[in-house]
$ cat target29.csv   # CSV, C-alpha atoms
chain,number,residue,atom,x,y,z
U,159,MET,CA,-149.9,6.4,-110.0
U,160,THR,CA,-146.5,4.7,-109.9
U,161,THR,CA,-143.8,5.4,-107.4
U,162,THR,CA,-140.1,5.1,-108.4
U,163,ILE,CA,-137.5,4.1,-105.9
U,164,THR,CA,-133.9,3.0,-106.2
U,165,LEU,CA,-133.7,-0.6,-105.1
U,166,ASN,CA,-130.3,-2.1,-104.7
U,167,GLY,CA,-128.8,0.4,-107.0
U,168,GLU,CA,-131.4,0.2,-109.8
U,169,GLU,CA,-134.6,2.1,-110.6
U,170,HIS,CA,-137.6,0.2,-109.5
U,171,GLU,CA,-141.3,1.0,-110.1
U,172,LEU,CA,-143.9,0.3,-107.5
U,173,ALA,CA,-147.4,-0.2,-108.9
U,174,GLY,CA,-149.2,1.3,-105.9
U,175,PRO,CA,-148.7,2.1,-102.2
U,176,THR,CA,-146.2,-0.4,-101.0
U,177,SER,CA,-144.8,-1.0,-97.5
U,178,ALA,CA,-141.2,-2.1,-96.9
U,179,LEU,CA,-142.6,-5.4,-95.7
U,180,GLU,CA,-144.4,-6.0,-99.0
U,181,LEU,CA,-141.3,-5.1,-101.0
U,182,VAL,CA,-139.1,-7.5,-99.0
U,183,ALA,CA,-141.7,-10.3,-99.2
U,184,GLY,CA,-141.9,-9.9,-103.0
U,185,ILE,CA,-138.1,-9.9,-103.4
U,186,VAL,CA,-137.3,-12.9,-101.3
U,187,GLY,CA,-140.5,-14.8,-102.4
U,188,LYS,CA,-141.6,-15.6,-98.8
U,189,GLN,CA,-144.6,-14.8,-96.8
U,190,LEU,CA,-143.8,-12.6,-93.9
U,191,SER,CA,-145.7,-11.9,-90.7
U,192,SER,CA,-146.3,-8.3,-89.7
U,193,ASP,CA,-143.2,-8.3,-87.4
U,194,GLY,CA,-141.1,-9.1,-90.5
U,195,THR,CA,-140.3,-12.7,-89.7
U,196,PRO,CA,-141.1,-15.5,-92.2
U,197,SER,CA,-144.4,-17.2,-91.6
U,198,ASP,CA,-142.7,-20.6,-92.0
U,199,GLY,CA,-140.6,-20.1,-88.8
U,200,THR,CA,-137.2,-19.9,-90.5
U,201,ARG,CA,-134.8,-17.0,-90.0
U,202,LEU,CA,-134.9,-14.5,-92.9
U,203,GLY,CA,-131.4,-13.2,-92.7
U,204,ILE,CA,-132.3,-10.0,-94.5
U,205,ALA,CA,-131.8,-6.3,-93.5
U,206,VAL,CA,-133.1,-3.2,-95.1
U,207,ALA,CA,-131.6,0.3,-95.3
U,208,VAL,CA,-133.6,3.3,-96.5
U,209,ASP,CA,-131.6,6.4,-97.5
U,210,GLY,CA,-128.5,5.0,-95.7
U,211,GLU,CA,-130.2,4.2,-92.4
U,212,VAL,CA,-131.2,0.8,-91.1
U,213,LEU,CA,-135.0,0.2,-91.1
U,214,ARG,CA,-135.6,-2.2,-88.2
U,215,ARG,CA,-137.6,-5.3,-89.1
U,216,GLY,CA,-140.4,-4.4,-86.7
U,217,ARG,CA,-141.0,-1.2,-88.7
U,218,TRP,CA,-141.2,-2.7,-92.2
U,219,ALA,CA,-145.0,-3.2,-92.1
U,220,GLU,CA,-145.7,0.5,-91.2
U,221,PHE,CA,-143.1,2.0,-93.4
U,222,ALA,CA,-144.6,3.3,-96.7
U,223,LEU,CA,-142.1,3.6,-99.6
U,224,ASP,CA,-142.1,7.0,-101.2
U,225,GLU,CA,-140.9,8.5,-104.5
U,226,GLY,CA,-137.1,8.8,-104.5
U,227,HIS,CA,-136.4,6.5,-101.6
U,228,THR,CA,-133.1,4.6,-101.9
U,229,VAL,CA,-133.6,1.1,-100.6
U,230,ASP,CA,-131.0,-1.5,-100.0
U,231,VAL,CA,-132.0,-5.1,-99.2
U,232,VAL,CA,-128.9,-7.1,-98.0
U,233,THR,CA,-128.1,-10.6,-96.9
U,234,ALA,CA,-125.1,-12.7,-95.9
U,235,VAL,CA,-122.9,-14.1,-98.7
U,236,GLN,CA,-119.6,-16.0,-98.8
U,237,GLY,CA,-116.8,-13.8,-97.7
U,238,GLY,CA,-113.9,-13.1,-95.4
T,75,MET,CA,-108.4,-25.8,-73.8
T,76,SER,CA,-111.4,-23.6,-74.6
T,77,TRP,CA,-111.3,-19.9,-75.0
T,78,THR,CA,-114.0,-17.3,-74.3
T,79,ILE,CA,-115.2,-14.2,-76.0
T,80,ASP,CA,-118.1,-12.1,-74.9
T,81,GLY,CA,-119.1,-14.9,-72.5
T,82,ALA,CA,-119.1,-17.5,-75.3
T,83,ALA,CA,-116.8,-20.5,-74.8
T,84,MET,CA,-115.3,-22.1,-77.9
T,85,ASN,CA,-113.3,-25.2,-78.2
T,86,SER,CA,-112.0,-24.7,-81.7
T,87,ARG,CA,-109.3,-22.1,-82.1
T,88,LEU,CA,-109.8,-22.0,-85.9
T,89,VAL,CA,-112.0,-19.3,-87.1
T,90,MET,CA,-113.0,-19.8,-90.8
T,91,GLY,CA,-113.9,-17.5,-93.6
T,92,THR,CA,-116.3,-18.5,-96.3
T,93,GLY,CA,-114.8,-16.6,-99.3
T,94,GLY,CA,-113.1,-18.4,-102.2
T,95,ALA,CA,-115.0,-21.7,-102.2
T,96,GLY,CA,-116.2,-23.0,-105.5
T,97,SER,CA,-119.5,-24.1,-104.2
T,98,LEU,CA,-121.5,-24.2,-101.0
T,99,SER,CA,-121.2,-28.0,-100.8
T,100,ILE,CA,-117.4,-27.8,-101.0
T,101,LEU,CA,-117.5,-25.1,-98.4
T,102,ALA,CA,-119.8,-27.2,-96.1
T,103,GLU,CA,-117.4,-30.2,-96.2
T,104,ALA,CA,-114.3,-28.0,-95.5
T,105,LEU,CA,-116.0,-26.2,-92.6
T,106,GLN,CA,-116.9,-29.6,-91.1
T,107,ALA,CA,-113.4,-30.9,-91.6
T,108,SER,CA,-111.9,-27.8,-89.9
T,109,GLY,CA,-114.0,-28.3,-86.8
T,110,THR,CA,-114.6,-24.5,-86.7
T,111,GLU,CA,-117.3,-23.1,-84.4
T,112,LEU,CA,-117.1,-19.5,-85.7
T,113,THR,CA,-117.2,-18.5,-89.3
T,114,THR,CA,-117.3,-15.2,-91.2
T,115,VAL,CA,-119.7,-14.0,-93.9
T,116,ALA,CA,-119.9,-10.8,-95.9
T,117,MET,CA,-123.0,-8.6,-96.3
T,118,ARG,CA,-124.1,-7.8,-99.9
T,119,ARG,CA,-127.3,-6.8,-101.7
T,120,PHE,CA,-129.8,-9.6,-102.0
T,121,ASP,CA,-129.7,-11.3,-105.3
T,122,ALA,CA,-132.8,-13.4,-106.2
T,123,GLU,CA,-130.6,-15.4,-108.7
T,124,SER,CA,-128.4,-16.9,-106.0
T,125,ARG,CA,-130.7,-19.2,-104.1
T,126,ASP,CA,-128.0,-20.7,-101.9
T,127,SER,CA,-127.8,-19.2,-98.5
T,128,VAL,CA,-124.5,-19.3,-96.6
T,129,PHE,CA,-126.4,-18.1,-93.5
T,130,ALA,CA,-128.7,-21.2,-93.7
T,131,LEU,CA,-125.7,-23.4,-94.2
T,132,LEU,CA,-124.0,-22.2,-91.1
T,133,GLN,CA,-127.2,-22.6,-89.1
T,134,ASP,CA,-127.5,-26.2,-90.4
T,135,LEU,CA,-123.9,-26.9,-89.4
T,136,GLY,CA,-124.4,-25.3,-85.9
T,137,ILE,CA,-121.6,-22.8,-86.6
T,138,ARG,CA,-121.8,-19.4,-85.1
T,139,VAL,CA,-121.9,-16.6,-87.7
T,140,LEU,CA,-119.4,-13.7,-87.6
T,141,PRO,CA,-120.5,-11.0,-90.1
T,142,ASN,CA,-117.7,-8.9,-91.5
T,143,THR,CA,-117.6,-5.4,-93.1
T,144,ALA,CA,-115.4,-6.6,-96.0
T,145,GLY,CA,-115.2,-4.2,-98.9
T,146,CYS,CA,-115.7,-1.0,-96.8
T,147,TYR,CA,-113.3,1.8,-97.3
T,148,THR,CA,-114.7,4.3,-94.7
T,149,ALA,CA,-115.9,4.2,-91.1
T,150,ARG,CA,-119.3,5.3,-92.2
T,151,ASP,CA,-119.8,2.4,-94.6
T,152,ALA,CA,-118.4,-0.1,-92.1
T,153,ILE,CA,-120.8,1.1,-89.4
T,154,LEU,CA,-123.8,0.9,-91.7
T,155,THR,CA,-122.7,-2.6,-92.8
T,156,ALA,CA,-122.3,-3.7,-89.2
T,157,GLN,CA,-125.7,-2.4,-88.3
T,158,LEU,CA,-127.3,-4.2,-91.3
T,159,ALA,CA,-125.5,-7.4,-90.3
T,160,ARG,CA,-126.8,-7.1,-86.7
T,161,GLU,CA,-130.3,-6.7,-88.0
T,162,ALA,CA,-130.1,-9.4,-90.7
T,163,LEU,CA,-128.3,-12.1,-88.7
T,164,GLU,CA,-129.4,-11.2,-85.1
T,165,THR,CA,-125.9,-10.9,-83.7
T,166,ASN,CA,-124.0,-8.0,-82.2
T,167,TRP,CA,-120.7,-9.6,-83.1
T,168,VAL,CA,-118.9,-8.1,-86.1
T,169,LYS,CA,-115.5,-8.5,-87.7
T,170,LEU,CA,-114.6,-4.9,-88.5
T,171,GLU,CA,-112.7,-4.5,-91.8
T,172,VAL,CA,-111.9,-1.1,-93.2
T,173,ILE,CA,-109.5,-1.4,-96.1
T,174,ALA,CA,-107.3,1.3,-97.5
T,175,ASP,CA,-106.9,0.2,-101.1
T,176,GLU,CA,-107.7,-2.8,-103.3
T,177,ASP,CA,-104.1,-3.7,-104.1
T,178,THR,CA,-103.0,-4.5,-100.6
T,179,LEU,CA,-106.4,-4.8,-98.9
T,180,LEU,CA,-104.6,-3.6,-95.8
T,181,PRO,CA,-106.6,-1.8,-93.1
T,182,ASP,CA,-106.9,1.9,-93.1
T,183,PRO,CA,-105.8,2.6,-89.5
T,184,ILE,CA,-107.6,5.9,-89.1
T,185,GLU,CA,-111.0,4.9,-90.5
T,186,LEU,CA,-110.7,1.5,-88.7
T,187,PHE,CA,-110.1,3.2,-85.3
T,188,ARG,CA,-113.0,5.6,-85.8
T,189,ALA,CA,-115.4,2.8,-86.8
T,190,ALA,CA,-114.2,0.7,-83.8
T,191,GLU,CA,-114.9,3.5,-81.3
T,192,GLU,CA,-118.4,4.1,-82.7
T,193,LEU,CA,-119.3,0.4,-82.9
T,194,VAL,CA,-118.2,-0.3,-79.3
T,195,LEU,CA,-120.4,2.7,-78.2
T,196,ASP,CA,-123.3,1.2,-80.2
T,197,GLY,CA,-123.0,-2.1,-78.2
T,198,PHE,CA,-121.2,-4.2,-80.8
T,199,THR,CA,-118.7,-7.0,-79.9
T,200,VAL,CA,-116.0,-5.9,-82.2
T,201,PHE,CA,-113.3,-8.2,-83.7
T,202,ALA,CA,-111.0,-5.6,-85.2
T,203,TYR,CA,-109.0,-6.7,-88.3
T,204,THR,CA,-105.8,-4.6,-88.2
T,205,ASN,CA,-102.3,-4.2,-89.3
T,206,ASP,CA,-99.5,-6.0,-87.4
T,207,ASP,CA,-98.8,-2.7,-85.5
T,208,PRO,CA,-98.5,-3.1,-81.8
T,209,ALA,CA,-99.3,0.6,-81.1
T,210,LEU,CA,-102.6,0.4,-83.1
T,211,ALA,CA,-103.5,-2.9,-81.5
T,212,LYS,CA,-103.2,-1.4,-78.1
T,213,ARG,CA,-105.3,1.6,-79.1
T,214,LEU,CA,-108.0,-0.6,-80.4
T,215,GLU,CA,-108.0,-2.6,-77.2
T,216,ASP,CA,-108.2,0.6,-75.2
T,217,ALA,CA,-111.2,1.6,-77.4
T,218,GLY,CA,-113.0,-1.5,-76.1
T,219,VAL,CA,-112.8,-4.0,-79.0
T,220,ALA,CA,-113.3,-7.6,-77.9
T,221,ALA,CA,-110.5,-9.1,-80.0
T,222,VAL,CA,-107.7,-7.7,-82.1
T,223,MET,CA,-107.0,-9.5,-85.3
T,224,PRO,CA,-103.6,-8.5,-86.8
T,225,ALA,CA,-102.8,-9.5,-90.4
T,226,GLY,CA,-99.9,-11.9,-90.8
T,227,ALA,CA,-99.7,-10.8,-94.5
T,228,PRO,CA,-102.1,-9.3,-97.0
T,229,ILE,CA,-105.5,-11.1,-97.4
T,230,GLY,CA,-105.2,-14.0,-99.8
T,231,SER,CA,-101.5,-13.6,-100.3
T,232,GLY,CA,-100.5,-16.8,-98.5
T,233,LEU,CA,-97.2,-15.2,-97.5
T,234,GLY,CA,-97.5,-16.4,-93.9
T,235,ILE,CA,-96.5,-14.2,-91.0
T,236,LEU,CA,-94.2,-11.5,-92.3
T,237,ASN,CA,-93.4,-10.0,-88.9
T,238,PRO,CA,-93.5,-12.6,-86.2
T,239,HIS,CA,-91.8,-10.3,-83.8
T,240,ASN,CA,-94.7,-7.7,-84.1
T,241,ILE,CA,-97.3,-10.5,-83.5
T,242,GLU,CA,-95.4,-11.6,-80.4
T,243,THR,CA,-95.3,-8.0,-79.1
T,244,ILE,CA,-99.0,-7.6,-79.7
T,245,VAL,CA,-99.8,-10.8,-77.9
T,246,ALA,CA,-97.5,-9.9,-75.0
T,247,ARG,CA,-99.2,-6.6,-74.3
T,248,ALA,CA,-102.8,-7.6,-74.9
T,249,GLN,CA,-105.5,-8.3,-72.4
T,250,VAL,CA,-108.0,-9.3,-75.1
T,251,PRO,CA,-107.7,-12.3,-77.4
T,252,ILE,CA,-105.4,-11.9,-80.4
T,253,ILE,CA,-106.6,-13.7,-83.5
T,254,LEU,CA,-104.1,-13.9,-86.4
T,255,ASP,CA,-106.1,-13.0,-89.5
T,256,ALA,CA,-105.0,-13.1,-93.1
T,257,GLY,CA,-101.9,-14.2,-94.9
T,258,VAL,CA,-101.9,-17.9,-93.8
T,259,GLY,CA,-100.8,-20.1,-96.7
T,260,THR,CA,-100.3,-23.5,-95.1
T,261,ALA,CA,-100.4,-25.4,-91.9
T,262,SER,CA,-97.0,-24.3,-90.5
T,263,ASP,CA,-98.2,-20.6,-90.7
T,264,ALA,CA,-101.2,-21.4,-88.5
T,265,ALA,CA,-99.0,-23.4,-86.1
T,266,LEU,CA,-96.5,-20.5,-85.9
T,267,ALA,CA,-99.3,-18.0,-85.1
T,268,MET,CA,-100.3,-20.2,-82.2
T,269,GLU,CA,-96.7,-20.6,-81.0
T,270,LEU,CA,-96.4,-16.9,-81.0
T,271,GLY,CA,-99.2,-16.9,-78.4
T,272,CYS,CA,-102.3,-16.0,-80.5
T,273,THR,CA,-105.6,-17.2,-79.1
T,274,ALA,CA,-106.9,-18.3,-82.4
T,275,VAL,CA,-106.3,-18.1,-86.2
T,276,LEU,CA,-108.7,-16.9,-88.9
T,277,LEU,CA,-108.2,-18.1,-92.4
T,278,ALA,CA,-110.2,-18.7,-95.6
T,279,SER,CA,-108.3,-18.8,-98.9
T,280,ALA,CA,-105.6,-21.2,-97.6
T,281,VAL,CA,-108.4,-23.8,-97.3
T,282,THR,CA,-111.0,-22.8,-99.8
T,283,ARG,CA,-108.5,-22.3,-102.6
T,284,ALA,CA,-106.4,-25.3,-101.8
T,285,HIS,CA,-106.3,-28.2,-104.3
T,286,ASP,CA,-107.9,-30.4,-101.6
T,287,ALA,CA,-109.9,-28.1,-99.3
T,288,ASN,CA,-111.0,-30.9,-97.0
T,289,SER,CA,-107.4,-32.1,-96.3
T,290,MET,CA,-106.1,-28.6,-95.8
T,291,ALA,CA,-109.0,-27.8,-93.4
T,292,ARG,CA,-108.0,-30.9,-91.4
T,293,ALA,CA,-104.3,-29.9,-91.5
T,294,MET,CA,-105.2,-26.4,-90.2
T,295,ALA,CA,-107.2,-27.8,-87.4
T,296,LEU,CA,-104.3,-30.0,-86.3
T,297,ALA,CA,-101.8,-27.2,-86.8
T,298,VAL,CA,-103.7,-24.8,-84.6
T,299,GLU,CA,-104.1,-27.3,-81.9
T,300,ALA,CA,-100.4,-28.4,-82.1
T,301,GLY,CA,-99.2,-24.8,-82.1
T,302,HIS,CA,-101.4,-24.0,-79.0
T,303,ILE,CA,-100.1,-27.0,-77.1
T,304,ALA,CA,-96.5,-26.1,-78.1
T,305,ALA,CA,-96.9,-22.5,-76.9
T,306,GLY,CA,-98.1,-23.8,-73.5
T,307,ALA,CA,-95.3,-26.4,-73.3
T,308,GLY,CA,-92.6,-23.7,-73.7
T,309,ARG,CA,-90.0,-24.0,-76.4
T,310,ILE,CA,-86.3,-24.5,-75.7
T,311,PRO,CA,-84.2,-21.4,-76.0
T,312,LYS,CA,-82.4,-20.9,-79.4
T,313,ARG,CA,-78.6,-21.4,-79.1
T,314,PRO,CA,-75.9,-20.4,-81.5
T,315,LEU,CA,-74.1,-23.8,-81.2
T,316,ALA,CA,-75.1,-27.4,-80.6
T,317,LEU,CA,-76.0,-28.9,-77.2
T,318,ALA,CA,-75.5,-32.6,-77.2
T,319,SER,CA,-78.5,-34.7,-76.3
T,320,SER,CA,-76.4,-37.8,-75.7
T,321,SER,CA,-73.9,-37.8,-72.8
T,322,PHE,CA,-70.2,-38.2,-73.7
T,323,ALA,CA,-69.6,-40.2,-70.6
T,324,GLY,CA,-68.7,-43.9,-71.2
T,325,MET,CA,-67.8,-43.3,-74.8
T,326,VAL,CA,-65.9,-46.2,-76.5
T,327,GLU,CA,-62.6,-44.9,-77.7
T,328,SER,CA,-60.7,-46.4,-80.6
T,329,LEU,CA,-57.1,-47.3,-79.8
$ encode --input "target29.csv" --output "structure tokens"
Amino acid sequence: MTTTITLNGEEHELAGPTSALELVAGIVGKQLSSDGTPSDGTRLGIAVAVDGEVLRRGRWAEFALDEGHTVDVVTAVQGG
Amino acid sequence: MSWTIDGAAMNSRLVMGTGGAGSLSILAEALQASGTELTTVAMRRFDAESRDSVFALLQDLGIRVLPNTAGCYTARDAILTAQLAREALETNWVKLEVIADEDTLLPDPIELFRAAEELVLDGFTVFAYTNDDPALAKRLEDAGVAAVMPAGAPIGSGLGILNPHNIETIVARAQVPIILDAGVGTASDAALAMELGCTAVLLASAVTRAHDANSMARAMALAVEAGHIAAGAGRIPKRPLALASSSFAGMVESL
């Protein structure tokens, strides 16, 4: 059974049960430890909001994405 | 010569923005030429297409990152953006921008003040981008922001400092650092900001959109330093008529 979420403003289908950690790792193409930090020791520079609330990095692994969730994955870009 | 904010001492009084640069390599060179130690970034949705990371660049250059809330029109959006920046970049410093409309990009004073109050309560070190309004500047300081950043002129306009008297008034009444933000077009604008007593100057477009970004970055660094020294040295009073610098005593007179 697939789950449909809104990811960065667009519909996104998840093939099976997916944690926020798995989603982020897939998007950024990096392996992440269970605390949400990259396994290669670099700083990820990514934050996640679910339904307009920040989901702290330490909770990504335990947070299961559900049908209808609105997820934003943000990072720093040039500006200001 | 250094200044301090939230316990952090900084030697450079030039805070840079990263917007407007054609590429990250151009930006990197300009940032180095500017000597800046603090530089802003915006927060946006992750795009897998853009591999270049401005956050990684700033880490490589050893420049402290100052996330902003650029593009936010409401206190609510600005607060969420600040919280996301804190999480992503591991800093509680934020340049708070809440704009009123896209033509002027001027701050919305009411939403700005609401956001500033909440972010201060939430433990943020708030750099508040504001209008050149001495009353609002004072209210923001009373609300607990760490620095007030009045606009010299609209963002990206290059019009310089439209109301130097207001900037001077804001500086004279402030206990927190005043950082002139927005409107700087060329080096003399940055020097004037410092002469008016500002602690630092924040600029981006004036450098990143200059024909020669590196040279303009260097010019800005010198201008900020010169203006700061001049402010401390004390300018002579303006007079309506000349005051001779050479003595008239011993003049040779023609017969």
$ interface_residues --input "target29.csv" --of "chain U" --to "chain T" --cutoff "12 Å" --atoms "all atoms listed in the file" --output "JSON list (two decimals) with C-alpha atoms, keeping the file's coordinate frame"
[["chain", "number", "residue", "atom", "x", "y", "z"],
["U", 165, "LEU", "CA", -133.70, -0.60, -105.10],
["U", 166, "ASN", "CA", -130.30, -2.10, -104.70],
["U", 167, "GLY", "CA", -128.80, 0.40, -107.00],
["U", 168, "GLU", "CA", -131.40, 0.20, -109.80],
["U", 182, "VAL", "CA", -139.10, -7.50, -99.00],
["U", 183, "ALA", "CA", -141.70, -10.30, -99.20],
["U", 184, "GLY", "CA", -141.90, -9.90, -103.00],
["U", 185, "ILE", "CA", -138.10, -9.90, -103.40],
["U", 186, "VAL", "CA", -137.30, -12.90, -101.30],
["U", 187, "GLY", "CA", -140.50, -14.80, -102.40],
["U", 188, "LYS", "CA", -141.60, -15.60, -98.80],
["U", 194, "GLY", "CA", -141.10, -9.10, -90.50],
["U", 195, "THR", "CA", -140.30, -12.70, -89.70],
["U", 200, "THR", "CA", -137.20, -19.90, -90.50],
["U", 201, "ARG", "CA", -134.80, -17.00, -90.00],
["U", 202, "LEU", "CA", -134.90, -14.50, -92.90],
["U", 203, "GLY", "CA", -131.40, -13.20, -92.70],
["U", 204, "ILE", "CA", -132.30, -10.00, -94.50],
["U", 205, "ALA", "CA", -131.80, -6.30, -93.50],
["U", 206, "VAL", "CA", -133.10, -3.20, -95.10],
["U", 207, "ALA", "CA", -131.60, 0.30, -95.30],
["U", 208, "VAL", "CA", -133.60, 3.30, -96.50],
["U", 209, "ASP", "CA", -131.60, 6.40, -97.50],
["U", 210, "GLY", "CA", -128.50, 5.00, -95.70],
["U", 211, "GLU", "CA", -130.20, 4.20, -92.40],
["U", 212, "VAL", "CA", -131.20, 0.80, -91.10],
["U", 213, "LEU", "CA", -135.00, 0.20, -91.10],
["U", 214, "ARG", "CA", -135.60, -2.20, -88.20],
["U", 215, "ARG", "CA", -137.60, -5.30, -89.10],
["U", 216, "GLY", "CA", -140.40, -4.40, -86.70],
["U", 229, "VAL", "CA", -133.60, 1.10, -100.60],
["U", 230, "ASP", "CA", -131.00, -1.50, -100.00],
["U", 231, "VAL", "CA", -132.00, -5.10, -99.20],
["U", 232, "VAL", "CA", -128.90, -7.10, -98.00],
["U", 233, "THR", "CA", -128.10, -10.60, -96.90],
["U", 234, "ALA", "CA", -125.10, -12.70, -95.90],
["U", 235, "VAL", "CA", -122.90, -14.10, -98.70],
["U", 236, "GLN", "CA", -119.60, -16.00, -98.80],
["U", 237, "GLY", "CA", -116.80, -13.80, -97.70],
["U", 238, "GLY", "CA", -113.90, -13.10, -95.40]]
$ atom_distance --input "target29.csv" --atom1 "CA of Glu192 (chain T)" --atom2 "CA of Ile173 (chain T)"
17.0 Å
$ atom_distance --input "target29.csv" --atom1 "CA of Ile235 (chain T)" --atom2 "CA of Ala265 (chain T)"
10.7 Å
$ atom_distance --input "target29.csv" --atom1 "CA of Ile79 (chain T)" --atom2 "CA of Glu269 (chain T)"
20.2 Å
$ closest_residue --input "target29.csv" --among "U:Gly199, U:Ala219, U:Asp193, U:Glu225" --to "Glu171 (chain U)" --atoms "only C-alpha atoms"
U:Glu225
$ closest_residue --input "target29.csv" --among "U:Thr228, U:Ser192, U:Ala222, U:Thr162" --to "Pro175 (chain U)" --atoms "all atoms listed in the file"
U:Ala222
$ residues_around --input "target29.csv" --residues "Asn288 (chain T)" --least-positions-apart "5" --cutoff "7 Å" --atoms "only C-alpha atoms" --output "PDB file with C-alpha atoms, keeping the file's coordinate frame"
ATOM      1  CA  GLU T 103    -117.400 -30.200 -96.200  1.00  0.00           C
ATOM      2  CA  ALA T 104    -114.300 -28.000 -95.500  1.00  0.00           C
ATOM      3  CA  ALA T 107    -113.400 -30.900 -91.600  1.00  0.00           C
TER       4      ALA T 107
END
$ residues_near_point --input "target29.csv" --point "(-96.4, -23.6, -87.6)" --cutoff "12 Å" --atoms "all atoms listed in the file" --output "JSON, numbers by chain"
{"T": [234, 235, 238, 258, 259, 260, 261, 262, 263, 264, 265, 266, 267, 268, 269, 270, 271, 272, 275, 293, 294, 295, 296, 297, 298, 299, 300, 301, 302, 303, 304, 305]}
$ build_atoms --input "target29.csv" --residues "region 232-250 of chain T" --atoms "N, CA and C atoms" --output "PDB file, in the frame of the given file"
ATOM      1  N   GLY T 232    -101.157 -15.584 -98.902  1.00  0.00           N
ATOM      2  CA  GLY T 232    -100.500 -16.800 -98.500  1.00  0.00           C
ATOM      3  C   GLY T 232     -99.037 -16.663 -98.168  1.00  0.00           C
ATOM      4  N   LEU T 233     -98.655 -15.444 -97.806  1.00  0.00           N
ATOM      5  CA  LEU T 233     -97.200 -15.200 -97.500  1.00  0.00           C
ATOM      6  C   LEU T 233     -96.867 -15.546 -96.065  1.00  0.00           C
ATOM      7  N   GLY T 234     -97.838 -15.969 -95.285  1.00  0.00           N
ATOM      8  CA  GLY T 234     -97.500 -16.400 -93.900  1.00  0.00           C
ATOM      9  C   GLY T 234     -97.473 -15.197 -92.965  1.00  0.00           C
ATOM     10  N   ILE T 235     -96.624 -15.298 -91.962  1.00  0.00           N
ATOM     11  CA  ILE T 235     -96.500 -14.200 -91.000  1.00  0.00           C
ATOM     12  C   ILE T 235     -95.223 -13.455 -91.272  1.00  0.00           C
ATOM     13  N   LEU T 236     -95.384 -12.257 -91.833  1.00  0.00           N
ATOM     14  CA  LEU T 236     -94.200 -11.500 -92.300  1.00  0.00           C
ATOM     15  C   LEU T 236     -93.420 -10.901 -91.164  1.00  0.00           C
ATOM     16  N   ASN T 237     -94.088 -10.583 -90.060  1.00  0.00           N
ATOM     17  CA  ASN T 237     -93.400 -10.000 -88.900  1.00  0.00           C
ATOM     18  C   ASN T 237     -93.744 -10.670 -87.626  1.00  0.00           C
ATOM     19  N   PRO T 238     -93.171 -11.849 -87.410  1.00  0.00           N
ATOM     20  CA  PRO T 238     -93.500 -12.600 -86.200  1.00  0.00           C
ATOM     21  C   PRO T 238     -93.226 -11.840 -84.924  1.00  0.00           C
ATOM     22  N   HIS T 239     -92.181 -11.020 -84.965  1.00  0.00           N
ATOM     23  CA  HIS T 239     -91.800 -10.300 -83.800  1.00  0.00           C
ATOM     24  C   HIS T 239     -92.963  -9.308 -83.373  1.00  0.00           C
ATOM     25  N   ASN T 240     -93.570  -8.652 -84.366  1.00  0.00           N
ATOM     26  CA  ASN T 240     -94.700  -7.700 -84.100  1.00  0.00           C
ATOM     27  C   ASN T 240     -95.881  -8.508 -83.479  1.00  0.00           C
ATOM     28  N   ILE T 241     -96.170  -9.679 -84.045  1.00  0.00           N
ATOM     29  CA  ILE T 241     -97.300 -10.500 -83.500  1.00  0.00           C
ATOM     30  C   ILE T 241     -97.021 -10.856 -82.073  1.00  0.00           C
ATOM     31  N   GLU T 242     -95.788 -11.252 -81.811  1.00  0.00           N
ATOM     32  CA  GLU T 242     -95.400 -11.600 -80.400  1.00  0.00           C
ATOM     33  C   GLU T 242     -95.556 -10.432 -79.488  1.00  0.00           C
ATOM     34  N   THR T 243     -95.156  -9.264 -79.947  1.00  0.00           N
ATOM     35  CA  THR T 243     -95.300  -8.000 -79.100  1.00  0.00           C
ATOM     36  C   THR T 243     -96.736  -7.714 -78.863  1.00  0.00           C
ATOM     37  N   ILE T 244     -97.563  -7.830 -79.896  1.00  0.00           N
ATOM     38  CA  ILE T 244     -99.000  -7.600 -79.700  1.00  0.00           C
ATOM     39  C   ILE T 244     -99.587  -8.494 -78.697  1.00  0.00           C
ATOM     40  N   VAL T 245     -99.254  -9.772 -78.799  1.00  0.00           N
ATOM     41  CA  VAL T 245     -99.800 -10.800 -77.900  1.00  0.00           C
ATOM     42  C   VAL T 245     -99.314 -10.457 -76.435  1.00  0.00           C
ATOM     43  N   ALA T 246     -98.037 -10.136 -76.300  1.00  0.00           N
ATOM     44  CA  ALA T 246     -97.500  -9.900 -75.000  1.00  0.00           C
ATOM     45  C   ALA T 246     -98.123  -8.782 -74.219  1.00  0.00           C
ATOM     46  N   ARG T 247     -98.607  -7.789 -74.946  1.00  0.00           N
ATOM     47  CA  ARG T 247     -99.200  -6.600 -74.300  1.00  0.00           C
ATOM     48  C   ARG T 247    -100.683  -6.587 -74.217  1.00  0.00           C
ATOM     49  N   ALA T 248    -101.317  -7.627 -74.763  1.00  0.00           N
ATOM     50  CA  ALA T 248    -102.800  -7.600 -74.900  1.00  0.00           C
ATOM     51  C   ALA T 248    -103.476  -8.264 -73.699  1.00  0.00           C
ATOM     52  N   GLN T 249    -104.621  -7.722 -73.346  1.00  0.00           N
ATOM     53  CA  GLN T 249    -105.500  -8.300 -72.400  1.00  0.00           C
ATOM     54  C   GLN T 249    -106.686  -9.042 -73.066  1.00  0.00           C
ATOM     55  N   VAL T 250    -106.901  -8.716 -74.339  1.00  0.00           N
ATOM     56  CA  VAL T 250    -108.000  -9.300 -75.100  1.00  0.00           C
ATOM     57  C   VAL T 250    -107.420 -10.416 -76.017  1.00  0.00           C
TER      58      VAL T 250
END
